[in-house]
$ cat start_29.pdb   # PDB, C-alpha atoms and all ligand atoms
ATOM      1  CA  MET A   1      -5.200 -29.873 -24.913
ATOM      2  CA  GLN A   2      -5.340 -32.412 -22.145
ATOM      3  CA  HIS A   3      -6.907 -31.410 -18.829
ATOM      4  CA  SER A   4      -4.825 -31.646 -15.677
ATOM      5  CA  THR A   5      -5.029 -34.910 -13.731
ATOM      6  CA  LEU A   6      -5.353 -32.753 -10.622
ATOM      7  CA  VAL A   7      -8.797 -31.691 -11.828
ATOM      8  CA  SER A   8      -9.938 -35.256 -12.502
ATOM      9  CA  GLN A   9      -8.703 -36.320  -9.069
ATOM     10  CA  TYR A  10     -11.010 -33.795  -7.373
ATOM     11  CA  ILE A  11     -13.992 -34.036  -9.700
ATOM     12  CA  LYS A  12     -16.237 -35.727  -7.108
ATOM     13  CA  GLN A  13     -15.634 -32.947  -4.588
ATOM     14  CA  LEU A  14     -16.222 -30.287  -7.261
ATOM     15  CA  LYS A  15     -19.480 -31.937  -8.303
ATOM     16  CA  SER A  16     -20.703 -32.126  -4.734
ATOM     17  CA  LEU A  17     -19.719 -28.487  -3.997
ATOM     18  CA  THR A  18     -21.448 -27.091  -7.067
ATOM     19  CA  SER A  19     -24.626 -29.080  -6.508
ATOM     20  CA  THR A  20     -24.985 -28.018  -2.872
ATOM     21  CA  ALA A  21     -23.770 -24.406  -3.184
ATOM     22  CA  ASP A  22     -25.479 -23.561  -6.477
ATOM     23  CA  GLU A  23     -22.329 -21.681  -7.509
ATOM     24  CA  SER A  24     -19.912 -22.435 -10.315
ATOM     25  CA  VAL A  25     -16.218 -23.278 -10.467
ATOM     26  CA  LEU A  26     -14.105 -20.355 -11.711
ATOM     27  CA  ASP A  27     -11.482 -21.325 -14.308
ATOM     28  CA  LEU A  28      -9.318 -18.245 -13.729
ATOM     29  CA  ALA A  29      -7.143 -17.321 -16.731
ATOM     30  CA  CYS A  30      -8.754 -20.246 -18.542
ATOM     31  CA  GLY A  31      -6.864 -19.986 -21.856
ATOM     32  CA  SER A  32      -8.114 -22.833 -24.077
ATOM     33  CA  GLY A  33     -10.414 -23.891 -21.242
ATOM     34  CA  ARG A  34      -8.903 -27.398 -21.141
ATOM     35  CA  ASN A  35      -9.711 -27.827 -17.433
ATOM     36  CA  GLY A  36     -13.061 -26.054 -17.286
ATOM     37  CA  LEU A  37     -14.350 -27.796 -20.414
ATOM     38  CA  TYR A  38     -13.558 -31.168 -18.840
ATOM     39  CA  LEU A  39     -15.744 -30.183 -15.874
ATOM     40  CA  VAL A  40     -18.543 -28.902 -18.131
ATOM     41  CA  GLU A  41     -18.464 -32.203 -20.031
ATOM     42  CA  ASN A  42     -19.005 -33.853 -16.660
ATOM     43  CA  GLY A  43     -22.004 -31.700 -15.787
ATOM     44  CA  ILE A  44     -20.232 -29.209 -13.521
ATOM     45  CA  PRO A  45     -21.018 -25.499 -14.021
ATOM     46  CA  VAL A  46     -17.960 -23.400 -14.845
ATOM     47  CA  THR A  47     -17.245 -19.694 -15.257
ATOM     48  CA  PHE A  48     -14.473 -19.240 -17.811
ATOM     49  CA  ALA A  49     -12.490 -16.032 -17.271
ATOM     50  CA  ASP A  50      -9.642 -14.651 -19.324
ATOM     51  CA  VAL A  51      -8.346 -11.330 -20.643
ATOM     52  CA  SER A  52      -8.111 -12.755 -24.167
ATOM     53  CA  ALA A  53     -11.307 -12.309 -26.174
ATOM     54  CA  VAL A  54      -9.968 -14.889 -28.640
ATOM     55  CA  ALA A  55      -9.535 -17.461 -25.884
ATOM     56  CA  ILE A  56     -13.047 -16.810 -24.546
ATOM     57  CA  ALA A  57     -14.555 -17.111 -28.032
ATOM     58  CA  GLN A  58     -12.777 -20.431 -28.601
ATOM     59  CA  VAL A  59     -13.966 -21.810 -25.286
ATOM     60  CA  GLN A  60     -17.507 -20.702 -26.150
ATOM     61  CA  GLN A  61     -17.319 -22.664 -29.395
ATOM     62  CA  HIS A  62     -16.103 -25.776 -27.594
ATOM     63  CA  ALA A  63     -18.778 -25.474 -24.921
ATOM     64  CA  CYS A  64     -21.350 -25.307 -27.754
ATOM     65  CA  LEU A  65     -19.916 -28.488 -29.239
ATOM     66  CA  VAL A  66     -20.243 -30.397 -25.996
ATOM     67  CA  ASN A  67     -23.833 -29.123 -26.027
ATOM     68  CA  ASN A  68     -23.642 -27.890 -22.502
ATOM     69  CA  MET A  69     -23.811 -24.116 -22.799
ATOM     70  CA  LYS A  70     -26.155 -23.939 -19.842
ATOM     71  CA  GLN A  71     -23.293 -25.135 -17.654
ATOM     72  CA  ALA A  72     -20.885 -22.451 -18.884
ATOM     73  CA  ASP A  73     -20.513 -18.727 -18.189
ATOM     74  CA  PHE A  74     -17.955 -16.510 -19.872
ATOM     75  CA  TRP A  75     -16.179 -13.548 -18.328
ATOM     76  CA  SER A  76     -13.822 -11.306 -20.309
ATOM     77  CA  ILE A  77     -11.749  -9.723 -17.592
ATOM     78  CA  ASP A  78      -8.319  -8.255 -16.960
ATOM     79  CA  PHE A  79      -7.289  -9.598 -13.556
ATOM     80  CA  GLU A  80      -4.308  -7.255 -13.502
ATOM     81  CA  GLN A  81      -6.204  -3.996 -13.855
ATOM     82  CA  GLU A  82      -4.497  -1.285 -11.824
ATOM     83  CA  GLU A  83      -7.618  -0.047 -10.146
ATOM     84  CA  GLY A  84     -10.346  -2.210  -8.753
ATOM     85  CA  THR A  85     -10.644  -5.675  -7.354
ATOM     86  CA  PRO A  86     -12.156  -7.885 -10.061
ATOM     87  CA  LEU A  87     -13.157 -10.707  -7.718
ATOM     88  CA  ALA A  88     -14.742  -8.475  -5.049
ATOM     89  CA  GLY A  89     -18.360  -9.401  -4.389
ATOM     90  CA  LYS A  90     -18.095 -12.624  -6.436
ATOM     91  CA  SER A  91     -18.458 -16.096  -4.999
ATOM     92  CA  PHE A  92     -17.546 -19.480  -6.359
ATOM     93  CA  ALA A  93     -17.797 -23.041  -5.105
ATOM     94  CA  ALA A  94     -14.163 -23.463  -6.155
ATOM     95  CA  ILE A  95     -11.488 -21.629  -8.089
ATOM     96  CA  MET A  96      -8.869 -23.304 -10.237
ATOM     97  CA  VAL A  97      -5.811 -21.521 -11.529
ATOM     98  CA  PHE A  98      -3.390 -23.229 -13.877
ATOM     99  CA  ARG A  99      -0.237 -21.718 -15.364
ATOM    100  CA  TYR A 100      -0.998 -18.163 -14.271
ATOM    101  CA  LEU A 101       0.322 -16.041 -11.425
ATOM    102  CA  HIS A 102      -0.623 -12.550 -10.324
ATOM    103  CA  ARG A 103       0.221 -12.338  -6.644
ATOM    104  CA  ALA A 104      -2.096  -9.386  -5.991
ATOM    105  CA  LEU A 105      -5.018 -11.779  -6.561
ATOM    106  CA  PHE A 106      -4.197 -14.223  -3.775
ATOM    107  CA  GLU A 107      -6.335 -12.522  -1.105
ATOM    108  CA  GLN A 108      -9.201 -11.884  -3.539
ATOM    109  CA  ILE A 109      -9.170 -15.548  -4.564
ATOM    110  CA  LYS A 110      -9.365 -16.608  -0.917
ATOM    111  CA  GLN A 111     -12.280 -14.224  -0.295
ATOM    112  CA  ALA A 112     -14.228 -15.275  -3.391
ATOM    113  CA  ILE A 113     -14.329 -18.987  -2.514
ATOM    114  CA  LEU A 114     -17.319 -20.024  -0.390
ATOM    115  CA  PRO A 115     -16.695 -21.636   3.023
ATOM    116  CA  ASN A 116     -15.812 -25.329   2.494
ATOM    117  CA  GLY A 117     -14.956 -24.519  -1.127
ATOM    118  CA  LEU A 118     -11.761 -25.552  -2.867
ATOM    119  CA  ILE A 119      -8.756 -23.880  -4.417
ATOM    120  CA  ILE A 120      -6.885 -25.917  -7.028
ATOM    121  CA  TYR A 121      -3.724 -24.079  -8.031
ATOM    122  CA  GLU A 122      -0.831 -25.195 -10.195
ATOM    123  CA  THR A 123       1.854 -23.061 -11.738
ATOM    124  CA  PHE A 124       5.578 -22.788 -12.345
ATOM    125  CA  THR A 125       8.201 -22.317  -9.665
ATOM    126  CA  THR A 126      11.497 -20.433  -9.785
ATOM    127  CA  GLU A 127      13.171 -23.746 -10.772
ATOM    128  CA  GLN A 128      11.398 -23.468 -14.130
ATOM    129  CA  ALA A 129      13.861 -20.822 -15.332
ATOM    130  CA  GLN A 130      16.461 -23.595 -16.014
ATOM    131  CA  PHE A 131      14.066 -25.435 -18.381
ATOM    132  CA  GLY A 132      12.479 -22.592 -20.340
ATOM    133  CA  ARG A 133       9.719 -20.034 -20.097
ATOM    134  CA  PRO A 134       8.428 -18.344 -18.070
ATOM    135  CA  LYS A 135      11.616 -16.871 -16.653
ATOM    136  CA  ASN A 136      10.250 -13.623 -15.210
ATOM    137  CA  PRO A 137      10.256 -14.032 -11.390
ATOM    138  CA  ASN A 138       6.887 -12.243 -11.233
ATOM    139  CA  PHE A 139       5.386 -15.327 -12.909
ATOM    140  CA  LEU A 140       7.274 -17.921 -10.829
ATOM    141  CA  LEU A 141       6.343 -19.188  -7.390
ATOM    142  CA  LYS A 142       8.976 -19.181  -4.672
ATOM    143  CA  ALA A 143       9.608 -22.362  -2.688
ATOM    144  CA  GLY A 144       6.697 -23.009  -0.335
ATOM    145  CA  GLU A 145       4.787 -19.936  -1.491
ATOM    146  CA  LEU A 146       1.450 -21.602  -2.304
ATOM    147  CA  ALA A 147       1.497 -23.579   0.939
ATOM    148  CA  ASP A 148       2.188 -20.314   2.813
ATOM    149  CA  VAL A 149      -0.661 -18.439   1.150
ATOM    150  CA  PHE A 150      -3.130 -21.214   2.029
ATOM    151  CA  SER A 151      -1.590 -22.181   5.382
ATOM    152  CA  ASP A 152      -4.824 -21.272   7.223
ATOM    153  CA  TRP A 153      -6.851 -23.647   4.983
ATOM    154  CA  GLN A 154      -7.042 -27.445   5.115
ATOM    155  CA  ILE A 155      -4.348 -28.625   2.732
ATOM    156  CA  LEU A 156      -5.586 -31.694   0.829
ATOM    157  CA  HIS A 157      -2.661 -31.929  -1.582
ATOM    158  CA  SER A 158       0.645 -30.141  -1.925
ATOM    159  CA  PHE A 159       3.470 -30.810  -4.388
ATOM    160  CA  GLU A 160       6.582 -29.006  -5.534
ATOM    161  CA  GLY A 161       8.990 -30.528  -7.978
ATOM    162  CA  VAL A 162       9.933 -31.336 -11.540
ATOM    163  CA  VAL A 163       7.541 -33.227 -13.814
ATOM    164  CA  GLU A 164       7.531 -34.207 -17.470
ATOM    165  CA  SER A 165       5.150 -32.204 -19.606
ATOM    166  CA  ALA A 166       1.936 -34.110 -20.414
ATOM    167  CA  ASN A 167       2.295 -33.312 -24.125
ATOM    168  CA  GLU A 168       4.476 -35.358 -26.443
ATOM    169  CA  SER A 169       7.500 -33.048 -25.992
ATOM    170  CA  GLY A 170       8.210 -34.712 -22.642
ATOM    171  CA  GLN A 171       9.917 -31.481 -21.598
ATOM    172  CA  LYS A 172      10.707 -30.982 -17.935
ATOM    173  CA  GLN A 173       8.634 -28.452 -15.994
ATOM    174  CA  ALA A 174       9.119 -27.187 -12.459
ATOM    175  CA  ILE A 175       5.747 -26.705 -10.835
ATOM    176  CA  ALA A 176       3.960 -26.314  -7.529
ATOM    177  CA  GLN A 177       0.439 -27.569  -6.883
ATOM    178  CA  ILE A 178      -1.964 -27.083  -4.059
ATOM    179  CA  VAL A 179      -5.483 -28.240  -3.337
ATOM    180  CA  ALA A 180      -6.953 -26.748  -0.175
ATOM    181  CA  ARG A 181     -10.351 -26.414   1.462
ATOM    182  CA  LYS A 182     -11.510 -23.098   2.906
ATOM    183  CA  PRO A 183     -12.493 -23.326   6.574
ATOM    184  CA  ASN A 184     -16.192 -23.163   7.363
TER     185      ASN A 184
HETATM  186  C1  LIG B   1      -0.300 -20.053 -19.887
HETATM  187  S1  LIG B   1      -1.979 -19.635 -20.196
HETATM  188  C2  LIG B   1      -2.793 -20.814 -19.138
HETATM  189  C3  LIG B   1      -4.158 -21.151 -19.611
HETATM  190  C4  LIG B   1      -4.905 -22.216 -18.806
HETATM  191  N1  LIG B   1      -5.083 -21.847 -17.416
HETATM  192  C5  LIG B   1      -4.211 -23.538 -18.908
HETATM  193  O1  LIG B   1      -3.538 -23.981 -17.970
HETATM  194  O2  LIG B   1      -4.316 -24.154 -19.982
HETATM  195  C6  LIG B   1      -2.189 -18.111 -19.317
HETATM  196  C7  LIG B   1      -3.535 -17.466 -19.546
HETATM  197  O3  LIG B   1      -3.621 -16.306 -18.711
HETATM  198  C8  LIG B   1      -4.337 -15.313 -19.418
HETATM  199  N2  LIG B   1      -4.021 -14.010 -18.837
HETATM  200  C9  LIG B   1      -2.829 -13.374 -18.891
HETATM  201  N3  LIG B   1      -2.928 -12.161 -18.301
HETATM  202  C10 LIG B   1      -4.216 -12.055 -17.861
HETATM  203  C11 LIG B   1      -4.928 -11.024 -17.192
HETATM  204  N4  LIG B   1      -4.330  -9.889 -16.873
HETATM  205  N5  LIG B   1      -6.227 -11.230 -16.879
HETATM  206  C12 LIG B   1      -6.837 -12.394 -17.242
HETATM  207  N6  LIG B   1      -6.214 -13.404 -17.897
HETATM  208  C13 LIG B   1      -4.917 -13.230 -18.203
HETATM  209  C14 LIG B   1      -3.855 -15.461 -20.849
HETATM  210  O4  LIG B   1      -4.740 -14.859 -21.772
HETATM  211  C15 LIG B   1      -3.754 -16.983 -20.980
HETATM  212  O5  LIG B   1      -4.961 -17.506 -21.485
END

$ encode --input "start_29.pdb" --output "structure tokens" --more "lines below"
Ligand SMILES: C[S@@+](CC[C@H](N)C(=O)[O-])C[C@H]1O[C@@H](n2cnc3c(N)ncnc32)[C@H](O)[C@@H]1O
Amino acid sequence: MQHSTLVSQYIKQLKSLTSTADESVLDLACGSGRNGLYLVENGIPVTFADVSAVAIAQVQQHACLVNNMKQADFWSIDFEQEEGTPLAGKSFAAIMVFRYLHRALFEQIKQAILPNGLIIYETFTTEQAQFGRPKNPNFLLKAGELADVFSDWQILHSFEGVVESANESGQKQAIAQIVARKPN
């Protein structure tokens, strides 16, 4: 699957952050790893995290193929566990979250990113319900929600609207995106 253009747009910043901070980029709820693998292919260290052991195993195989295992870490984790704070005590140069929403993680995500580090977040908004799944409001961002959560960070990019899916279906998708830098 194609990586998001949002990731390629910020690849220089991600490269610079990971080389100076000596920390990786967390691909949170990585799925097929389409975004993290693109970074690994470009020499950027990534921690792939997902609850699905199958997804993690597939990403491992792909990372092997690009011959860059030393740039990849794998973390089988349930981010929605009832007890505990999975990101507590962890630190990352940047965190990217695509097509996944668990609101209880917002504060943990903000904590786990190093000062000057980046959040890259893209997922569906409530408008998505008219086009297809997901329809559960727990998985859909409200208008302005991402911008609100990161309002105390430097917003580098913010978008909310309807786009055509990057795959050949051309289906409409209602999404919000944010790229923001954590204050020093
Ligand atoms: C729609 S996919 C998005 C995958 C990837 N971020 C992308 O954009 O291609 C959602 C991913 O979230 C993962 N996920 C769902 N619940 C999770 C949980 N509780 N903890 C960790 N990952 C979870 C799923 O296994 C799946 O890989």

$ atom_distance --input "start_29.pdb" --atom1 "atom CA of A:Ile44" --atom2 "atom CA of A:Thr18"
6.9 Å

$ resolve_selection --input "start_29.pdb" --expression "the PyMOL selection byres (((not hetatm)) within 6 of (chain B and resi 1))" --output "ChimeraX atom specification"
/A:29-32,34,50-52,77-80,97-100

$ write_last_selection --input "start_29.pdb" --atoms "C-alpha atoms" --output "PDB file, in the coordinates of the input"
ATOM      1  CA  ALA A  29      -7.143 -17.321 -16.731  1.00  0.00           C
ATOM      2  CA  CYS A  30      -8.754 -20.246 -18.542  1.00  0.00           C
ATOM      3  CA  GLY A  31      -6.864 -19.986 -21.856  1.00  0.00           C
ATOM      4  CA  SER A  32      -8.114 -22.833 -24.077  1.00  0.00           C
ATOM      5  CA  ARG A  34      -8.903 -27.398 -21.141  1.00  0.00           C
ATOM      6  CA  ASP A  50      -9.642 -14.651 -19.324  1.00  0.00           C
ATOM      7  CA  VAL A  51      -8.346 -11.330 -20.643  1.00  0.00           C
ATOM      8  CA  SER A  52      -8.111 -12.755 -24.167  1.00  0.00           C
ATOM      9  CA  ILE A  77     -11.749  -9.723 -17.592  1.00  0.00           C
ATOM     10  CA  ASP A  78      -8.319  -8.255 -16.960  1.00  0.00           C
ATOM     11  CA  PHE A  79      -7.289  -9.598 -13.556  1.00  0.00           C
ATOM     12  CA  GLU A  80      -4.308  -7.255 -13.502  1.00  0.00           C
ATOM     13  CA  VAL A  97      -5.811 -21.521 -11.529  1.00  0.00           C
ATOM     14  CA  PHE A  98      -3.390 -23.229 -13.877  1.00  0.00           C
ATOM     15  CA  ARG A  99      -0.237 -21.718 -15.364  1.00  0.00           C
ATOM     16  CA  TYR A 100      -0.998 -18.163 -14.271  1.00  0.00           C
TER      17      TYR A 100
END

$ closest_residue --input "start_29.pdb" --among "A:Val25, A:Leu105, A:Ala72, A:Ala174" --to "A:Ile119" --atoms "all atoms listed in the file"
A:Val25

$ closest_residue --input "start_29.pdb" --among "A:Ala53, A:Leu37, A:Ile95, A:Ile178" --to "A:Asn67" --atoms "only C-alpha atoms"
A:Leu37

$ closest_residue --input "start_29.pdb" --among "A:Phe92, A:Phe124, A:Phe48, A:Phe74" --to "A:Ala143" --atoms "all atoms listed in the file"
A:Phe124

$ residues_around --input "start_29.pdb" --residues "A:Met96" --least-positions-apart "2" --cutoff "12 Å" --atoms "all atoms listed in the file" --output "PyMOL selection string"
chain A and resi 3-4+6-7+10-11+14+24-30+33-36+39+46-49+92-94+98-101+109-110+112-113+117-123+177-180

$ atom_distance --input "start_29.pdb" --atom1 "atom CA of A:Ala166" --atom2 "atom CA of A:Met1"
9.4 Å

$ resolve_selection --input "start_29.pdb" --expression "the PyMOL selection byres (((chain A and resi 125) around 12) and not hetatm)" --output "MDAnalysis selection string"
chainID A and resid 99:101 122:124 126:146 159:163 173:177

$ atom_distance --input "start_29.pdb" --atom1 "atom CA of A:Pro183" --atom2 "atom CA of A:Thr5"
24.5 Å

$ residues_around --input "start_29.pdb" --residues "A:Lys70" --least-positions-apart "4" --cutoff "10 Å" --atoms "only C-alpha atoms" --output "number ranges by chain"
A: 40, 43, 45-46, 63-64

$ closest_residue --input "start_29.pdb" --among "A:Ile155, A:Ile56, A:Ala88, A:Ala147" --to "A:Gln111" --atoms "all atoms listed in the file"
A:Ala88

$ axis_aligned_box --input "start_29.pdb" --around "stretch 108-127 of chain A" --padding-each-side "4 Å" --output "AutoDock Vina command-line options"
--center_x -2.1 --center_y -18.9 --center_z -4.7 --size_x 38.5 --size_y 22.0 --size_z 23.4

$ closest_residue --input "start_29.pdb" --among "A:Gln171, A:Arg103, A:Ser91, A:Gln108" --to "A:Ala21" --atoms "only C-alpha atoms"
A:Ser91

$ build_atoms --input "start_29.pdb" --residues "stretch 51-62 of chain A" --atoms "all heavy atoms" --output "mmCIF file, in the frame of the given file"
data_model
loop_
_atom_site.group_PDB
_atom_site.id
_atom_site.type_symbol
_atom_site.label_atom_id
_atom_site.label_comp_id
_atom_site.auth_asym_id
_atom_site.auth_seq_id
_atom_site.Cartn_x
_atom_site.Cartn_y
_atom_site.Cartn_z
ATOM 1 N N VAL A 51 -8.463 -12.657 -20.037
ATOM 2 C CA VAL A 51 -8.346 -11.330 -20.643
ATOM 3 C C VAL A 51 -8.440 -11.417 -22.167
ATOM 4 O O VAL A 51 -8.763 -10.430 -22.834
ATOM 5 C CB VAL A 51 -7.015 -10.652 -20.212
ATOM 6 C CG1 VAL A 51 -5.816 -11.286 -20.893
ATOM 7 C CG2 VAL A 51 -7.046 -9.159 -20.460
ATOM 8 N N SER A 52 -8.164 -12.600 -22.713
ATOM 9 C CA SER A 52 -8.111 -12.755 -24.167
ATOM 10 C C SER A 52 -9.507 -13.052 -24.728
ATOM 11 O O SER A 52 -10.093 -14.112 -24.440
ATOM 12 C CB SER A 52 -7.143 -13.893 -24.526
ATOM 13 O OG SER A 52 -7.403 -14.324 -25.833
ATOM 14 N N ALA A 53 -9.993 -12.115 -25.551
ATOM 15 C CA ALA A 53 -11.307 -12.309 -26.174
ATOM 16 C C ALA A 53 -11.266 -13.513 -27.105
ATOM 17 O O ALA A 53 -12.258 -14.239 -27.252
ATOM 18 C CB ALA A 53 -11.706 -11.053 -26.933
ATOM 19 N N VAL A 54 -10.110 -13.742 -27.722
ATOM 20 C CA VAL A 54 -9.968 -14.889 -28.640
ATOM 21 C C VAL A 54 -10.116 -16.190 -27.850
ATOM 22 O O VAL A 54 -10.834 -17.116 -28.261
ATOM 23 C CB VAL A 54 -8.583 -14.833 -29.347
ATOM 24 C CG1 VAL A 54 -8.351 -16.068 -30.193
ATOM 25 C CG2 VAL A 54 -8.491 -13.565 -30.190
ATOM 26 N N ALA A 55 -9.452 -16.251 -26.714
ATOM 27 C CA ALA A 55 -9.535 -17.461 -25.884
ATOM 28 C C ALA A 55 -10.986 -17.700 -25.464
ATOM 29 O O ALA A 55 -11.497 -18.826 -25.591
ATOM 30 C CB ALA A 55 -8.635 -17.331 -24.659
ATOM 31 N N ILE A 56 -11.655 -16.657 -25.008
ATOM 32 C CA ILE A 56 -13.047 -16.810 -24.546
ATOM 33 C C ILE A 56 -13.935 -17.292 -25.707
ATOM 34 O O ILE A 56 -14.766 -18.186 -25.532
ATOM 35 C CB ILE A 56 -13.574 -15.480 -23.958
ATOM 36 C CG1 ILE A 56 -12.853 -15.159 -22.638
ATOM 37 C CG2 ILE A 56 -15.088 -15.516 -23.752
ATOM 38 C CD1 ILE A 56 -13.249 -16.013 -21.444
ATOM 39 N N ALA A 57 -13.732 -16.709 -26.875
ATOM 40 C CA ALA A 57 -14.555 -17.111 -28.032
ATOM 41 C C ALA A 57 -14.328 -18.578 -28.378
ATOM 42 O O ALA A 57 -15.273 -19.311 -28.691
ATOM 43 C CB ALA A 57 -14.235 -16.219 -29.229
ATOM 44 N N GLN A 58 -13.071 -19.016 -28.295
ATOM 45 C CA GLN A 58 -12.777 -20.431 -28.601
ATOM 46 C C GLN A 58 -13.425 -21.373 -27.583
ATOM 47 O O GLN A 58 -13.972 -22.417 -27.931
ATOM 48 C CB GLN A 58 -11.266 -20.657 -28.643
ATOM 49 C CG GLN A 58 -10.676 -20.195 -29.960
ATOM 50 C CD GLN A 58 -9.157 -20.259 -29.980
ATOM 51 O OE1 GLN A 58 -8.518 -20.558 -28.973
ATOM 52 N NE2 GLN A 58 -8.567 -19.946 -31.122
ATOM 53 N N VAL A 59 -13.358 -20.962 -26.320
ATOM 54 C CA VAL A 59 -13.966 -21.810 -25.286
ATOM 55 C C VAL A 59 -15.482 -21.870 -25.497
ATOM 56 O O VAL A 59 -16.094 -22.939 -25.354
ATOM 57 C CB VAL A 59 -13.622 -21.291 -23.866
ATOM 58 C CG1 VAL A 59 -14.277 -22.166 -22.807
ATOM 59 C CG2 VAL A 59 -12.130 -21.264 -23.646
ATOM 60 N N GLN A 60 -16.059 -20.726 -25.878
ATOM 61 C CA GLN A 60 -17.507 -20.702 -26.150
ATOM 62 C C GLN A 60 -17.871 -21.707 -27.235
ATOM 63 O O GLN A 60 -18.840 -22.448 -27.111
ATOM 64 C CB GLN A 60 -17.933 -19.306 -26.602
ATOM 65 C CG GLN A 60 -18.547 -18.512 -25.479
ATOM 66 C CD GLN A 60 -18.726 -17.045 -25.825
ATOM 67 O OE1 GLN A 60 -18.027 -16.495 -26.668
ATOM 68 N NE2 GLN A 60 -19.643 -16.409 -25.149
ATOM 69 N N GLN A 61 -17.069 -21.727 -28.284
ATOM 70 C CA GLN A 61 -17.319 -22.664 -29.395
ATOM 71 C C GLN A 61 -17.266 -24.105 -28.902
ATOM 72 O O GLN A 61 -18.115 -24.922 -29.236
ATOM 73 C CB GLN A 61 -16.251 -22.487 -30.463
ATOM 74 C CG GLN A 61 -16.643 -21.474 -31.513
ATOM 75 C CD GLN A 61 -15.643 -21.456 -32.659
ATOM 76 O OE1 GLN A 61 -14.576 -22.055 -32.560
ATOM 77 N NE2 GLN A 61 -15.990 -20.774 -33.721
ATOM 78 N N HIS A 62 -16.244 -24.401 -28.097
ATOM 79 C CA HIS A 62 -16.103 -25.776 -27.594
ATOM 80 C C HIS A 62 -17.260 -26.145 -26.676
ATOM 81 O O HIS A 62 -17.766 -27.255 -26.731
ATOM 82 C CB HIS A 62 -14.766 -25.948 -26.868
ATOM 83 C CG HIS A 62 -13.631 -26.151 -27.807
ATOM 84 N ND1 HIS A 62 -12.697 -25.184 -28.074
ATOM 85 C CD2 HIS A 62 -13.305 -27.192 -28.576
ATOM 86 C CE1 HIS A 62 -11.836 -25.633 -28.965
ATOM 87 N NE2 HIS A 62 -12.181 -26.853 -29.283
#
